[in-house]
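What's in upload-v9.tsv: TSV, C-alpha atoms
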chain	number	residue	atom	x	y	z
A	1	MET	CA	-6.56	7.11	-0.81
A	2	LYS	CA	-5.47	10.66	-1.39
A	3	PRO	CA	-3.69	12.24	1.62
A	4	ALA	CA	-6.39	14.93	1.95
A	5	ALA	CA	-8.91	12.16	2.76
A	6	PHE	CA	-6.78	10.79	5.64
A	7	LYS	CA	-6.80	12.26	9.14
A	8	LEU	CA	-5.05	10.66	12.12
A	9	LEU	CA	-7.33	11.41	15.06
A	10	ALA	CA	-5.12	10.36	17.97
A	11	GLY	CA	-2.01	8.49	19.03
A	12	ARG	CA	0.74	10.17	16.97
A	13	GLU	CA	3.06	9.76	19.96
A	14	ASN	CA	2.65	5.96	19.73
A	15	ILE	CA	3.73	5.74	16.08
A	16	THR	CA	7.15	5.23	14.56
A	17	GLU	CA	7.93	5.50	10.84
A	18	TYR	CA	10.20	3.52	8.55
A	19	ALA	CA	11.27	4.26	4.96
A	20	PHE	CA	12.79	1.46	2.92
A	21	GLY	CA	14.02	0.59	-0.56
A	22	GLN	CA	13.81	3.46	-3.00
A	23	LYS	CA	11.95	5.49	-0.37
A	24	ILE	CA	8.83	5.68	-2.51
A	25	SER	CA	6.87	5.47	0.71
A	26	THR	CA	7.08	5.43	4.48
A	27	ARG	CA	5.38	2.91	6.73
A	28	SER	CA	3.97	3.74	10.14
A	29	PHE	CA	4.02	1.19	12.96
A	30	CYS	CA	2.83	1.03	16.57
A	31	LYS	CA	5.86	1.66	18.84
A	32	HIS	CA	4.52	-0.82	21.39
A	33	CYS	CA	3.37	-3.88	19.41
A	34	GLY	CA	4.89	-3.36	15.95
A	35	VAL	CA	1.63	-3.59	13.99
A	36	HIS	CA	1.76	-1.87	10.59
A	37	LEU	CA	-0.83	0.91	10.72
A	38	PHE	CA	-0.59	2.87	7.49
A	39	GLY	CA	1.80	4.03	4.80
A	40	ALA	CA	2.20	7.16	2.70
A	41	GLY	CA	4.18	8.10	-0.36
A	42	HIS	CA	4.21	9.15	-3.98
A	43	LEU	CA	3.93	6.87	-6.99
A	44	ALA	CA	3.14	8.49	-10.34
A	45	GLU	CA	1.66	5.24	-11.68
A	46	LEU	CA	-0.99	5.35	-8.94
A	47	GLY	CA	-1.84	9.01	-9.43
A	48	GLY	CA	0.81	10.65	-7.26
A	49	ASP	CA	0.56	11.07	-3.49
A	50	PHE	CA	-1.23	8.30	-1.59
A	51	VAL	CA	-1.98	6.89	1.86
A	52	SER	CA	-2.61	3.17	2.38
A	53	ILE	CA	-4.29	1.94	5.56
A	54	ASN	CA	-4.15	-1.49	7.17
A	55	LEU	CA	-7.89	-2.29	7.35
A	56	ASN	CA	-7.33	-4.48	10.40
A	57	THR	CA	-6.45	-1.36	12.42
A	58	LEU	CA	-9.78	0.41	11.81
A	59	ASP	CA	-12.71	0.25	14.21
A	60	ASP	CA	-16.14	-0.60	12.80
A	61	VAL	CA	-14.84	-1.73	9.39
A	62	ASP	CA	-15.57	-5.23	8.13
A	63	PRO	CA	-12.81	-6.12	5.63
A	64	LEU	CA	-15.24	-8.47	3.87
A	65	GLU	CA	-17.39	-5.47	2.94
A	66	VAL	CA	-14.55	-3.40	1.43
A	67	LYS	CA	-14.22	-3.37	-2.36
A	68	VAL	CA	-10.68	-4.41	-3.27
A	69	MET	CA	-8.95	-3.21	-6.44
A	70	TYR	CA	-5.88	-5.04	-7.72
A	71	TRP	CA	-2.84	-3.55	-9.49
A	72	ASP	CA	-0.21	-5.65	-11.27
A	73	GLY	CA	2.92	-4.24	-9.68
A	74	ARG	CA	4.60	-7.65	-9.65
A	75	HIS	CA	5.14	-7.39	-13.41
A	76	ASP	CA	5.51	-3.58	-13.48
A	77	ASN	CA	2.21	-3.52	-15.39
A	78	TRP	CA	0.90	-0.28	-13.90
A	79	HIS	CA	-0.34	1.04	-17.25
A	80	ALA	CA	-3.03	-1.68	-17.30
A	81	GLY	CA	-4.81	0.06	-14.42
A	82	PRO	CA	-6.80	-1.52	-11.61
A	83	SER	CA	-8.83	-4.71	-11.87
A	84	ASP	CA	-11.62	-6.08	-9.70
A	85	LYS	CA	-9.98	-9.53	-9.89
A	86	PRO	CA	-6.39	-10.48	-8.97
A	87	TRP	CA	-3.89	-10.43	-11.83
A	88	ARG	CA	-2.58	-13.75	-13.09
A	89	ILE	CA	0.72	-14.57	-11.45
A	90	ALA	CA	3.12	-15.23	-14.30
A	91	PRO	CA	6.62	-16.47	-13.54
A	92	LEU	CA	9.24	-13.77	-13.18
A	93	THR	CA	12.05	-13.93	-15.73
A	94	PRO	CA	15.46	-13.65	-14.05
A	95	PRO	CA	17.65	-10.82	-15.40
A	96	GLY	CA	19.85	-11.94	-18.29
A	97	SER	CA	17.76	-15.00	-19.17
A	98	ALA	CA	15.75	-15.47	-22.35
A	99	ALA	CA	12.07	-14.63	-21.98
Give the structure from this file in structure tokens form.
Amino acid sequence: MKPAAFKLLAGRENITEYAFGQKISTRSFCKHCGVHLFGAGHLAELGGDFVSINLNTLDDVDPLEVKVMYWDGRHDNWHAGPSDKPWRIAPLTPPGSAA
């Protein structure tokens, strides 16, 4: 979702953040139990700034009723856009090998 649509209502003092890899995003975790709560970052291929939420941390949300959209980041296929079905998992070609 876009950051403007996200509002943390309470508990900021119970959250710790972690940035990894190329620091495209940060991940927020509960300081007490370690559960991943949400993440935020910027990825041009996804439209810029974003917030991603772990659905299991939301009250009154049934994950089975949430429409899921799939992106093919495994193959760096962002230009294909989202799909309502998972992308086929093709084998990754190791660097330096013939495709």
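The space separating atom CA of A:Ser83 from atom CA of A:Gly39 comes to 21.6 Å.
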For A:Asp72, list every protein, DNA or RNA residue within 10 Å, evaluated using all atoms listed in the file, and leave out those in the same chain fewer than 2 positions away; present the list as an mmCIF file with C-alpha atoms, in the frame of the given file.
data_model
loop_
_atom_site.group_PDB
_atom_site.id
_atom_site.type_symbol
_atom_site.label_atom_id
_atom_site.label_comp_id
_atom_site.auth_asym_id
_atom_site.auth_seq_id
_atom_site.Cartn_x
_atom_site.Cartn_y
_atom_site.Cartn_z
ATOM 1 C CA TYR A 70 -5.880 -5.040 -7.720
ATOM 2 C CA ARG A 74 4.600 -7.650 -9.650
ATOM 3 C CA HIS A 75 5.140 -7.390 -13.410
ATOM 4 C CA ASP A 76 5.510 -3.580 -13.480
ATOM 5 C CA ASN A 77 2.210 -3.520 -15.390
ATOM 6 C CA TRP A 78 0.900 -0.280 -13.900
ATOM 7 C CA HIS A 79 -0.340 1.040 -17.250
ATOM 8 C CA ALA A 80 -3.030 -1.680 -17.300
ATOM 9 C CA GLY A 81 -4.810 0.060 -14.420
ATOM 10 C CA PRO A 82 -6.800 -1.520 -11.610
ATOM 11 C CA SER A 83 -8.830 -4.710 -11.870
ATOM 12 C CA PRO A 86 -6.390 -10.480 -8.970
ATOM 13 C CA TRP A 87 -3.890 -10.430 -11.830
ATOM 14 C CA ARG A 88 -2.580 -13.750 -13.090
ATOM 15 C CA ILE A 89 0.720 -14.570 -11.450
#
Review point. Which polymer residues have any atom within 8 Å of an atom of A:Phe38, counting only C-alpha atoms, with same-chain residues fewer than 3 positions away left out, as a ChimeraX atom specification?
Key: /A:27-29,51-54
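Across A:Ala4, A:Asp49, A:Asn14, A:Trp71, the tightest approach to A:Thr26 is made by A:Asp49 when counting all atoms listed in the file.
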**Study point:** For atom CA of A:Phe20 and atom CA of A:Lys67, the interatomic separation in Å (one decimal)
**Key:** 27.9 Å
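Distances to A:Lys31 were evaluated for A:Leu9, A:Ile15, A:Ala44, A:Val61 using all atoms listed in the file, and the minimum falls at A:Ile15.
As for atom CA of A:Ile24 and atom CA of A:Asp62, they are spaced 28.8 Å apart.
Compared by their closest atoms to A:Phe50, and using all atoms listed in the file, the residues A:Arg12, A:Ser25, A:Pro94, A:Glu17 rank with A:Ser25 nearest.
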Check your understanding: Given the choices A:Leu46, A:Cys30, A:Ala40, A:Val66, which gets closest to A:Phe6 if the distance is worked out from all atoms listed in the file?
Key -> A:Ala40
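With only C-alpha atoms as the atoms that count, the residue of A:Pro91, A:Lys85, A:Thr57, A:Pro3 with the shortest distance to A:His42 is A:Pro3.
Among the candidate residues A:Lys2, A:Thr16, A:Met69, A:Ala10, the one lying nearest to A:Leu43 is A:Lys2, with distances computed using all atoms listed in the file.
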